[in-house]
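Note sheet for the following structure.
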There are 2 protein chains.
Amino acid sequence: MLIPHDKNIRYLFEPRSVAVIGASADKGKIGNTVIWNVIQNGYKGRIFAINPKGGEIEGLRAYKRILDVNEEIDVAVLTIPAKFVVESVKECAAKRVKYGVVITSGFSEIGNAAEERKMVEIANQNGMRILGPNILGIFSAECSLNLTFVSVPIPCGNLGIVTQSGALGLAMIGQATVGNIGLSAIVSVGNKSDVDEADLLEYLISHDRTKVVLMYMEGVRGGERLVGTLRRAAKVKPVVIIKSGRSRRGAMAAASHTGSLAGSDAVFADIIRQSGGLRAESMREAFEWCKFLANNPLPSGENTVVITNGGGAGVLATDACEKYDVKMYDDLEHLKTIFSPAVPEFGSTKNPIDLTGQARADDYTEAFHAALTDPGIHSVVVVMCESPLFTGEGLNRAVEGNYEQFKKAGKPIIFSLLGGKLLADYVRAARERNIPIYEDVCEAVSSLGAMEAFKRYKEEPEDETADVDLDVKAIEEIVEEARKDGRSFLSSHEGQQVMKITGIPIPSSLRATTIEGAIKGASAIGYPVVMKIVSGDILHKSDAGGIALDLQNDREVIDAYEAIMRRCREHVPNAVIEGVEISEMVKPGTEMIVGARIDPSFGPTVMVGLGGIYVEVMKDVSFRALPLDRKEILAMIKEIHSYPLLMGVRGEKTRDINALVDVVIKLGAVIRKCRGISDIEINPLVVYEQGLGVRAVDVRIMLSKNIER
Amino acid sequence: MLIPHDKNIRYLFEPRSVAVIGASADKGKIGNTVIWNVIQNGYKGRIFAINPKGGEIEGLRAYKRILDVNEEIDVAVLTIPAKFVVESVKECAAKRVKYGVVITSGFSEIGNAAEERKMVEIANQNGMRILGPNILGIFSAECSLNLTFVSVPIPCGNLGIVTQSGALGLAMIGQATVGNIGLSAIVSVGNKSDVDEADLLEYLISHDRTKVVLMYMEGVRGGERLVGTLRRAAKVKPVVIIKSGRSRRGAMAAASHTGSLAGSDAVFADIIRQSGGLRAESMREAFEWCKFLANNPLPSGENTVVITNGGGAGVLATDACEKYDVKMYDDLEHLKTIFSPAVPEFGSTKNPIDLTGQARADDYTEAFHAALTDPGIHSVVVVMCESPLFTGEGLNRAVEGNYEQFKKAGKPIIFSLLGGKLLADYVRAARERNIPIYEDVCEAVSSLGAMEAFKRYKEEPEDETADVDLDVKAIEEIVEEARKDGRSFLSSHEGQQVMKITGIPIPSSLRATTIEGAIKGASAIGYPVVMKIVSGDILHKSDAGGIALDLQNDREVIDAYEAIMRRCREHVPNAVIEGVEISEMVKPGTEMIVGARIDPSFGPTVMVGLGGIYVEVMKDVSFRALPLDRKEILAMIKEIHSYPLLMGVRGEKTRDINALVDVVIKLGAVIRKCRGISDIEINPLVVYEQGLGVRAVDVRIMLSKNIER
């Protein structure tokens, strides 16, 4: 019986008592570092040292077994060799410990998955949960708990870190210290045998002291729940994410590292964005974002001005704003009105506001004041270039004096200083005082971009989940039939039946097993028609030459029938051929692809994109995790590059985007509700003009290996 | 008469004498700073101060006019107000000064283009050339010349900088100083009224002391020559380029800044890459590249290994290698053989080489030694994460000791250190000693990626320019006819004639002006046929409903004729309609677009991409500047995302890529050789299977406003 995680995850972060199993008096041993850290960090709860030898460790009496302890224990940390872990977990479970924090490595990450599974089973059966194995431990500022083997002090603050890699966790603690960013918590999840990112996020969402969350991930498991939790988290506080293994080789390295399979990066990227996660390109960028987000106010709108003393640098800033999706305010009249008094002759009040090389540091203040007091301007990017007149004099006044005012007024302002040693030294010093100041324009704007993205996600109203009624039973019966045949996919005919049940329009069609039947069928449907091979052994019909298009009359039907049979027999000699399918020749329209599948990382997902032969070549598709509302489905459709095709190019009318959205909703409902289906793909789905609907021309449905998925 | 720039650009960088016009004794005036800089920097040539008041300036006799000086003057720098500049240039010209360096601003950048033109005309007529106006000046280490108004010392070294922005030039001097990068030269080109980047590159190519060139550009003018010079430069030394104005808004800001029109960023990106330029994303990245390239050996091959003590960090490095096109060595057997002795149990000899968290700094040395001595490994990316065992002890030995050995062996090695203050402090200190060491993995790999890109370009063999014989006269006659009609484009029929002359296959077609003629023509060509409106007033035929496809018989020809006439009259009421064109219905194939045009920045360029209706939507095209060799044309074709369509997808055969290359060569020849044509576009160019050639279905040819282009 598993205790619902939302009920008790607080015990992990705020335990009333901890036991260190493998506590040691030997300096240099992990078991010593951990108990030393717990004590030194000033943890206020009860601490129990466990060591089979007993004795005294760091001033505490050591118990030989955890069962010897007479009090309740919320968290037990295990720092003992791998071979003793299962036995120890058994004892913890018997003791009703709530969380086992298994620092020890040597489990699934080196192929030893069985032991890991066993440990989790024993724990879960007793209502105990496992963090790890193969981790750094957990640090939680809320109760001054440092249950890690980190040998440096961990600074307290408002950044919560969840990391899949322990080594990077250590590096991150170092970088946080250097960057003057304190942590509210850091937890390493390692092999994620039980407790995962979603569980930890659950705590961090409601933990007030945590202002920003940073997650380092390699692979995703149980992504369905992660998406849900992430979406809730991202509405409340920024969640910055670094996902490694984005390259194909990187994914290989990640897979061999923690034994988790890194999913496709395209899917990850789309779904994390959908869930409001802010994905950073590098560790450096991630920390810059976290620091900026933790220390600066959210703007009340998106209008940004760039104030510069160098035209070229202003252009660099403008480029960066476009790259990082920061909206440059462009009401030129209004800009002129408010900035004219601050801008000299030959300067510019267009955005960027160019104070020219004549500007001294103090000359910025007037422009800042205009931006500060004008309610139409919501954030400011400042660029300062060293010049004969801008040397560093008055710099502190211009930067820090004004920064405080902006902060008070709830307007983010971010500085970049381009120049020599004097300016670089000032940047370094001011950064230590948590001023958002950079040597590079791109870095500055990148942080503001992350803030704007958070704001947009946070403020986006949530709609009702799009759903449809579905005759689930009818579909599952079709699946069951195919399964009885030992097939791993539905036939084209069965796929069409599923479309009918789901209410997705398909071309009219019928089957024939003889030339005569084909001719009769074609007449019944009406020329022109399409002919396709029907064979459970031939999946890629066009590769096998099993398709003939635009057959205009009986003669052509006869020729096509013969040609298809010959080609398919050549291509797949042993194929069992059931006949041909004769269908109406579908009128041309915009060819899209719509898919739904159970993603191994994220569970039920949908995909939409440019279809036909272009799908594999252009890879112009976007993904989302389910459930979705209509607005988000529209957003995913707008994301694809070929969206203008749906809007109508070259005098064509707008396509029936509503009908396309309906298909996405319907396939989503099938994949979520019908057991036994792993993948559905319609390609092409021909989309006609507004009001004329769609036609699902080719449907492929794959079955799950396991009926329960 | 203009002196050929390659003959005398050395006089600008290594003048034997300079005159400072507007030299001043008043501290704080630019005219004082400049002459003070010349003297203080230890310039060895003759220095003349020019000031209408005469007297003495900084210990030199001041001449009232330059004409009063009795010796030859190579360079005159002007620091006088804009209104006096033209007069002064006249005197310089009379004095046979070779280069006028016009620091003064207030010309085309604020709309005063006439004065600027006048100044250049006067100079050029007298064999004098102008650098500027609106610039910082020029610094040239070769002769210790500091002819700028920069008030800080400029460090000497081997980086040559050319910058369009003076303000950024100042900032770059500062950043070079902070980054411990010395300059061989820095020149600001400002409004580029005469001397431009290509002229300056000409000097820097052959200047041995300059190891790396850094260029900051906003707009490109005379890009044709720049491309040629850049290609030669990039074969000899790395040329790092920052181009701002890449965003649409940035381009606006750039245009208002220096009066130059920033071209399309897509064109710029492709052509700079074609020319071997290394384009950096940000100023920071550019300086990192320059420093790394100037101080480190080129590898002898592309096999790179990553050596790490953290799996997660190794994955980050692997991702970065893919992003920056650094080739991870992947002969697993060989890796195992050479790295096994250095890698502990549970580590990995796969690339990344994972020494695990058990590795101390000294443990890296064994792995380094293996990489150093193995001839199959050419460069190394080192990742070091802080850990309980990796704290900083032995760090200097591991990093700097090994660095020197790799440098001697001609193998680049680059370090990234992830951790706390101790490591960060070490990074800072080692950077000052020019060790390539970073806090972020991406930054480290980015620099190595730039080096690999330089190496690839440098070593790429050059082929002969692809060209064809062309009846230029016949094409120019057609152009002349159209011009006489007052048209700015060729008719479809004329376009087809040009195709015939050029030897590009087109569908057979003929014209008709009546329904009867259309029917007759259709029979002559053979059904099915296509019908298109012929009207000089209707450019976008399909928008106007002026196209009918797949007409199967006389009846359909009649209907189409009537419908086309009606729709076109509705769409463009006053259009003069010349009739219709009846053409063979082209068999389906892969629809591409091929274009050639006189780009306002880069001169004659060609474009190839996915054609048909997708061209505007997918923008899947690539550009090159002419001339080109066949190999480069193939490379541009391979660059487009839809290249797999040409290779054949889903059982289709490879397309006739050679025929496609021929079309690019032929259009390139037309645009280069035939006066009066500004743009040619074939869309679609239908490409058939290997050996079956192409068919140019629709051709549009625009004429230049000016017959000379």
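Chain labels run A, B, ... following the order of the structure tokens; each chain numbers its residues from 1, and ligands are numbered from 1 in the order shown.
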Counting only C-alpha atoms, which residues of chain B fall within 7 Å of chain A, and what is the closest atom pair for each with its distance in Å at one decimal, ordered by chain and rising number, as a Markdown table?
| residue | atom | partner | partner_atom | distance |
| --- | --- | --- | --- | --- |
| B:Ile110 | CA | A:Phe346 | CA | 6.9 |
| B:Val150 | CA | A:Pro388 | CA | 6.7 |
| B:Ser151 | CA | A:Pro388 | CA | 6.1 |
| B:Ser165 | CA | A:Gly312 | CA | 5.6 |
| B:Ala167 | CA | A:Gly310 | CA | 5.5 |
| B:Leu168 | CA | A:Gly312 | CA | 6.4 |
| B:Leu170 | CA | A:Ser387 | CA | 6.3 |
| B:Ala171 | CA | A:Gly419 | CA | 4.0 |
| B:Met172 | CA | A:Gly419 | CA | 6.5 |
| B:Ile173 | CA | A:Gly420 | CA | 7.0 |
| B:Gly174 | CA | A:Gly420 | CA | 3.2 |
| B:Gln175 | CA | A:Gly420 | CA | 5.0 |
| B:Thr177 | CA | A:Gly420 | CA | 6.3 |
| B:Val178 | CA | A:Lys421 | CA | 5.3 |
| B:Ser244 | CA | A:Leu316 | CA | 5.5 |
| B:Gly245 | CA | A:Val315 | CA | 5.8 |
| B:Arg246 | CA | A:Asp319 | CA | 6.0 |
| B:Ser247 | CA | A:Asp319 | CA | 5.0 |
| B:Arg249 | CA | A:Thr318 | CA | 6.5 |
| B:Gly250 | CA | A:Thr318 | CA | 5.0 |
| B:Ala253 | CA | A:Val315 | CA | 5.8 |
| B:Ala254 | CA | A:Val315 | CA | 6.0 |
| B:His257 | CA | A:Gly311 | CA | 6.0 |
| B:Ser282 | CA | A:Cys442 | CA | 6.5 |
| B:Met283 | CA | A:Asp440 | CA | 6.7 |
| B:Arg284 | CA | A:Asp440 | CA | 6.0 |
| B:Gly310 | CA | A:Ala167 | CA | 5.5 |
| B:Gly311 | CA | A:His257 | CA | 6.0 |
| B:Gly312 | CA | A:Ser165 | CA | 5.6 |
| B:Ala313 | CA | A:Leu168 | CA | 6.5 |
| B:Val315 | CA | A:Gly250 | CA | 5.1 |
| B:Leu316 | CA | A:Ser244 | CA | 5.5 |
| B:Thr318 | CA | A:Gly250 | CA | 5.0 |
| B:Asp319 | CA | A:Ser247 | CA | 5.0 |
| B:Glu322 | CA | A:Ser247 | CA | 6.1 |
| B:Phe346 | CA | A:Ile110 | CA | 6.9 |
| B:Gly357 | CA | A:Ala167 | CA | 6.9 |
| B:Cys385 | CA | A:Ala171 | CA | 5.8 |
| B:Glu386 | CA | A:Ala171 | CA | 5.5 |
| B:Ser387 | CA | A:Leu170 | CA | 6.3 |
| B:Pro388 | CA | A:Ser151 | CA | 6.1 |
| B:Leu418 | CA | A:Ala171 | CA | 5.2 |
| B:Gly419 | CA | A:Ala171 | CA | 4.0 |
| B:Gly420 | CA | A:Gly174 | CA | 3.2 |
| B:Lys421 | CA | A:Val178 | CA | 5.3 |
| B:Asp440 | CA | A:Arg284 | CA | 6.0 |
| B:Cys442 | CA | A:Ser282 | CA | 6.5 |
| B:Asp543 | CA | A:Gly651 | CA | 5.0 |
| B:Val617 | CA | A:Ser642 | CA | 5.6 |
| B:Met618 | CA | A:Ser642 | CA | 6.0 |
| B:His641 | CA | A:Met618 | CA | 6.2 |
| B:Ser642 | CA | A:Val617 | CA | 5.6 |
| B:Pro644 | CA | A:Val617 | CA | 6.2 |
| B:Leu645 | CA | A:Val617 | CA | 6.9 |
| B:Arg650 | CA | A:Asp543 | CA | 5.7 |
| B:Gly651 | CA | A:Asp543 | CA | 5.0 |
Tell me, which residues of stretch 459-630 of chain A carry DSSP helix (DSSP H, G or I), written as an MDAnalysis selection string?
chainID A and resid 459 472:484 492:502 515:525 554:571 614:618 630
If you run DSSP on the backbone, which residues of stretch 430-581 of chain A are strand (DSSP E or B), as an MDAnalysis selection string?
chainID A and resid 437:438 465 489 509:512 529:534 547:551 579:581
Only N, CA and C atoms, please: the residues just picked out, written as a compact mmCIF listing (two decimals), in the first residue's frame.
# COMPACT_ATOMS: atom_id res chain seq x y z
N ILE A 437 23.28 42.57 -13.53
CA ILE A 437 24.20 43.30 -14.40
C ILE A 437 25.14 42.30 -15.06
N TYR A 438 25.43 42.52 -16.33
CA TYR A 438 26.15 41.54 -17.16
C TYR A 438 27.17 42.25 -18.02
N THR A 465 -10.72 21.21 -20.19
CA THR A 465 -10.12 20.19 -21.04
C THR A 465 -11.06 19.83 -22.17
N PHE A 489 -1.16 -4.58 -34.83
CA PHE A 489 -1.73 -3.34 -35.38
C PHE A 489 -3.10 -3.66 -35.96
N SER A 509 -15.36 3.75 -49.05
CA SER A 509 -14.51 2.71 -49.62
C SER A 509 -15.13 1.34 -49.40
N LEU A 510 -14.70 0.38 -50.16
CA LEU A 510 -15.11 -1.00 -49.94
C LEU A 510 -14.00 -1.93 -50.39
N ARG A 511 -14.14 -3.19 -50.02
CA ARG A 511 -13.11 -4.17 -50.34
C ARG A 511 -13.49 -5.01 -51.53
N ALA A 512 -12.46 -5.49 -52.24
CA ALA A 512 -12.72 -6.44 -53.31
C ALA A 512 -11.61 -7.47 -53.31
N VAL A 529 -11.32 6.66 -58.73
CA VAL A 529 -11.14 5.96 -57.46
C VAL A 529 -9.65 5.68 -57.22
N VAL A 530 -9.38 5.23 -55.98
CA VAL A 530 -8.04 4.85 -55.58
C VAL A 530 -8.08 3.37 -55.22
N MET A 531 -7.01 2.64 -55.55
CA MET A 531 -6.96 1.24 -55.17
C MET A 531 -5.73 1.00 -54.29
N LYS A 532 -5.94 0.23 -53.19
CA LYS A 532 -4.83 -0.07 -52.29
C LYS A 532 -4.83 -1.54 -51.92
N ILE A 533 -3.64 -2.08 -51.77
CA ILE A 533 -3.51 -3.47 -51.36
C ILE A 533 -4.03 -3.64 -49.93
N VAL A 534 -4.63 -4.79 -49.65
CA VAL A 534 -5.02 -5.10 -48.27
C VAL A 534 -4.23 -6.33 -47.85
N ILE A 547 -0.28 0.82 -54.19
CA ILE A 547 -1.28 1.88 -54.30
C ILE A 547 -1.39 2.35 -55.75
N ALA A 548 -2.60 2.55 -56.22
CA ALA A 548 -2.80 3.16 -57.55
C ALA A 548 -3.83 4.27 -57.40
N LEU A 549 -3.49 5.44 -57.93
CA LEU A 549 -4.34 6.61 -57.72
C LEU A 549 -5.09 6.97 -59.00
N ASP A 550 -6.16 7.73 -58.82
CA ASP A 550 -6.82 8.41 -59.93
C ASP A 550 -7.21 7.46 -61.06
N LEU A 551 -7.82 6.34 -60.71
CA LEU A 551 -8.27 5.40 -61.74
C LEU A 551 -9.58 5.92 -62.31
N GLY A 579 -6.82 -8.87 -50.55
CA GLY A 579 -7.60 -8.24 -51.60
C GLY A 579 -7.17 -6.79 -51.78
N VAL A 580 -8.08 -6.00 -52.33
CA VAL A 580 -7.77 -4.57 -52.48
C VAL A 580 -8.91 -3.75 -51.88
N GLU A 581 -8.58 -2.52 -51.61
CA GLU A 581 -9.58 -1.59 -51.12
C GLU A 581 -9.78 -0.54 -52.20
What does the structure give for the distance between atom CA of A:Ile525 and atom CA of A:Pro684, in Å to one decimal?
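Those two atoms sit 20.5 Å apart.
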Neighbouring residues of B:Glu477 were defined as those with any atom within 12 Å, considering only C-alpha atoms; residues of the same chain fewer than 4 positions away were excluded. Please report them as a PyMOL selection string.
chain B and resi 471-473+481-484+490+494+497-498+501+674-677
How about saving the chosen residues, N, CA, C and O atoms kept, as a CSV table (one decimal), in the first residue's frame?
chain,number,residue,atom,x,y,z
B,471,ASP,N,24.7,32.6,-74.8
B,471,ASP,CA,24.5,33.7,-75.9
B,471,ASP,C,24.0,34.9,-75.2
B,471,ASP,O,22.8,35.2,-75.2
B,472,VAL,N,24.9,35.6,-74.6
B,472,VAL,CA,24.6,36.8,-73.8
B,472,VAL,C,23.8,37.8,-74.7
B,472,VAL,O,22.8,38.4,-74.3
B,473,LYS,N,24.3,38.0,-75.9
B,473,LYS,CA,23.7,39.0,-76.8
B,473,LYS,C,22.2,38.7,-77.0
B,473,LYS,O,21.4,39.6,-77.0
B,481,GLU,N,14.2,44.7,-75.6
B,481,GLU,CA,12.8,44.8,-76.1
B,481,GLU,C,11.9,45.2,-75.0
B,481,GLU,O,11.0,46.1,-75.2
B,482,ALA,N,12.0,44.4,-73.9
B,482,ALA,CA,11.1,44.6,-72.8
B,482,ALA,C,11.2,46.0,-72.3
B,482,ALA,O,10.3,46.7,-71.9
B,483,ARG,N,12.5,46.4,-72.2
B,483,ARG,CA,12.8,47.8,-71.7
B,483,ARG,C,12.2,48.9,-72.5
B,483,ARG,O,11.6,49.9,-72.0
B,484,LYS,N,12.2,48.6,-73.8
B,484,LYS,CA,11.6,49.6,-74.8
B,484,LYS,C,10.1,49.7,-74.5
B,484,LYS,O,9.5,50.8,-74.7
B,490,LEU,N,10.2,40.5,-67.7
B,490,LEU,CA,9.9,39.9,-69.0
B,490,LEU,C,8.6,39.2,-68.9
B,490,LEU,O,8.2,38.7,-67.9
B,494,GLU,N,8.8,35.6,-73.0
B,494,GLU,CA,10.2,36.0,-73.1
B,494,GLU,C,11.1,35.2,-72.1
B,494,GLU,O,12.2,34.8,-72.4
B,497,GLN,N,11.9,32.1,-73.7
B,497,GLN,CA,12.9,32.2,-74.7
B,497,GLN,C,14.3,32.2,-74.0
B,497,GLN,O,15.2,31.6,-74.5
B,498,VAL,N,14.4,33.0,-72.9
B,498,VAL,CA,15.6,33.0,-72.2
B,498,VAL,C,16.0,31.6,-71.7
B,498,VAL,O,17.2,31.2,-71.8
B,501,ILE,N,17.4,29.8,-74.7
B,501,ILE,CA,18.8,30.2,-75.0
B,501,ILE,C,19.8,29.7,-74.0
B,501,ILE,O,20.9,29.2,-74.3
B,674,CYS,N,24.5,38.8,-68.1
B,674,CYS,CA,23.6,39.6,-68.9
B,674,CYS,C,23.2,40.9,-68.2
B,674,CYS,O,22.6,40.9,-67.1
B,675,ARG,N,23.5,42.0,-68.8
B,675,ARG,CA,23.2,43.3,-68.2
B,675,ARG,C,21.7,43.5,-68.2
B,675,ARG,O,21.0,43.0,-69.2
B,676,GLY,N,21.2,44.1,-67.2
B,676,GLY,CA,19.7,44.5,-67.3
B,676,GLY,C,18.8,43.6,-66.5
B,676,GLY,O,17.7,43.9,-66.3
B,677,ILE,N,19.3,42.4,-66.0
B,677,ILE,CA,18.5,41.5,-65.3
B,677,ILE,C,18.8,41.6,-63.8
B,677,ILE,O,20.0,41.5,-63.4
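Closest to A:Glu639 among A:Gly54, A:Pro588, A:Gly521, A:Ser622 is A:Ser622, based on only C-alpha atoms.
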Could you name the residues that touch B:Ala25 at 7 Å or less, counting only C-alpha atoms, but leaving out those on the same chain fewer than 5 positions away, as a JSON list (two decimals) with N, CA, C and O atoms, in the first residue's frame?
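Dumped to out.json:
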[["chain", "number", "residue", "atom", "x", "y", "z"],
["B", 32, "ASN", "N", 43.17, 67.04, -29.22],
["B", 32, "ASN", "CA", 44.29, 66.89, -28.31],
["B", 32, "ASN", "C", 44.54, 65.41, -28.01],
["B", 32, "ASN", "O", 45.68, 64.95, -28.05],
["B", 57, "ILE", "N", 51.84, 72.55, -30.16],
["B", 57, "ILE", "CA", 50.87, 71.60, -29.57],
["B", 57, "ILE", "C", 51.61, 70.36, -29.12],
["B", 57, "ILE", "O", 52.26, 69.70, -29.94],
["B", 58, "GLU", "N", 51.50, 70.05, -27.84],
["B", 58, "GLU", "CA", 52.16, 68.88, -27.27],
["B", 58, "GLU", "C", 53.62, 68.79, -27.73],
["B", 58, "GLU", "O", 54.12, 67.72, -28.11]]
Spatial neighbours of stretch 263-277 of chain B, max dist 7 Å, only C-alpha atoms, sep filter under 5 positions, as a short mmCIF file (atom, residue, chain, number, x, y, z; two decimals) with N, CA, C and O atoms, in the first residue's frame:
data_model
loop_
_atom_site.label_atom_id
_atom_site.label_comp_id
_atom_site.auth_asym_id
_atom_site.auth_seq_id
_atom_site.Cartn_x
_atom_site.Cartn_y
_atom_site.Cartn_z
N GLY B 219 25.65 46.64 -41.53
CA GLY B 219 25.17 46.40 -42.90
C GLY B 219 26.34 46.05 -43.79
O GLY B 219 27.49 46.28 -43.44
N VAL B 227 33.04 39.30 -50.15
CA VAL B 227 32.99 37.83 -50.18
C VAL B 227 34.30 37.28 -50.72
O VAL B 227 34.89 36.36 -50.13
N LEU B 230 37.05 37.88 -48.19
CA LEU B 230 36.82 37.05 -47.00
C LEU B 230 37.22 35.61 -47.28
O LEU B 230 37.84 34.95 -46.44
N ARG B 231 36.87 35.11 -48.47
CA ARG B 231 37.21 33.73 -48.81
C ARG B 231 38.71 33.52 -48.80
O ARG B 231 39.20 32.50 -48.33
N ALA B 234 39.87 33.74 -45.06
CA ALA B 234 39.49 32.60 -44.22
C ALA B 234 40.30 31.34 -44.54
O ALA B 234 40.29 30.38 -43.79
N VAL B 239 38.51 34.30 -39.36
CA VAL B 239 37.84 35.60 -39.35
C VAL B 239 36.53 35.42 -38.59
O VAL B 239 35.61 34.75 -39.05
N VAL B 240 36.47 36.00 -37.40
CA VAL B 240 35.28 35.88 -36.55
C VAL B 240 34.39 37.09 -36.84
O VAL B 240 34.89 38.22 -36.93
N ILE B 241 33.11 36.85 -37.01
CA ILE B 241 32.21 37.94 -37.43
C ILE B 241 31.03 38.06 -36.48
O ILE B 241 30.40 37.06 -36.12
N ARG B 246 20.32 41.37 -36.98
CA ARG B 246 19.82 40.12 -37.53
C ARG B 246 18.32 40.00 -37.36
O ARG B 246 17.66 39.33 -38.13
N PHE B 454 36.93 26.50 -38.75
CA PHE B 454 38.03 27.17 -39.48
C PHE B 454 38.89 26.13 -40.20
O PHE B 454 39.20 26.27 -41.38
N TYR B 457 37.18 24.69 -43.28
CA TYR B 457 37.15 25.62 -44.42
C TYR B 457 38.53 25.74 -45.05
O TYR B 457 38.68 25.71 -46.27
N SER B 601 23.33 43.81 -51.22
CA SER B 601 24.56 43.75 -50.44
C SER B 601 25.66 42.95 -51.11
O SER B 601 26.81 43.36 -51.16
N SER B 622 18.46 27.94 -49.53
CA SER B 622 19.80 28.38 -49.14
C SER B 622 20.37 29.28 -50.23
O SER B 622 19.98 29.21 -51.39
N PHE B 623 21.27 30.15 -49.80
CA PHE B 623 21.82 31.18 -50.68
C PHE B 623 23.33 31.01 -50.83
O PHE B 623 24.00 30.50 -49.94
N ARG B 624 23.84 31.47 -51.93
CA ARG B 624 25.28 31.57 -52.12
C ARG B 624 25.60 32.79 -52.98
O ARG B 624 24.78 33.17 -53.83
N ALA B 625 26.77 33.34 -52.73
CA ALA B 625 27.25 34.39 -53.62
C ALA B 625 28.02 33.74 -54.75
O ALA B 625 28.66 32.71 -54.57
#
Exercise: stretch 68-81 of chain B partners within 10 Å, only C-alpha atoms, chain neighbours under 3 positions left out, as a PyMOL selection string:
chain B and resi 11-24+29-32+34-35+46-51+62-65+84-85+88-89+92+95-106+128-133+137-138+147-149
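Across B:Val212, B:Ile682, B:Leu355, B:Cys143, the tightest approach to B:Leu667 is made by B:Ile682 when counting only C-alpha atoms.
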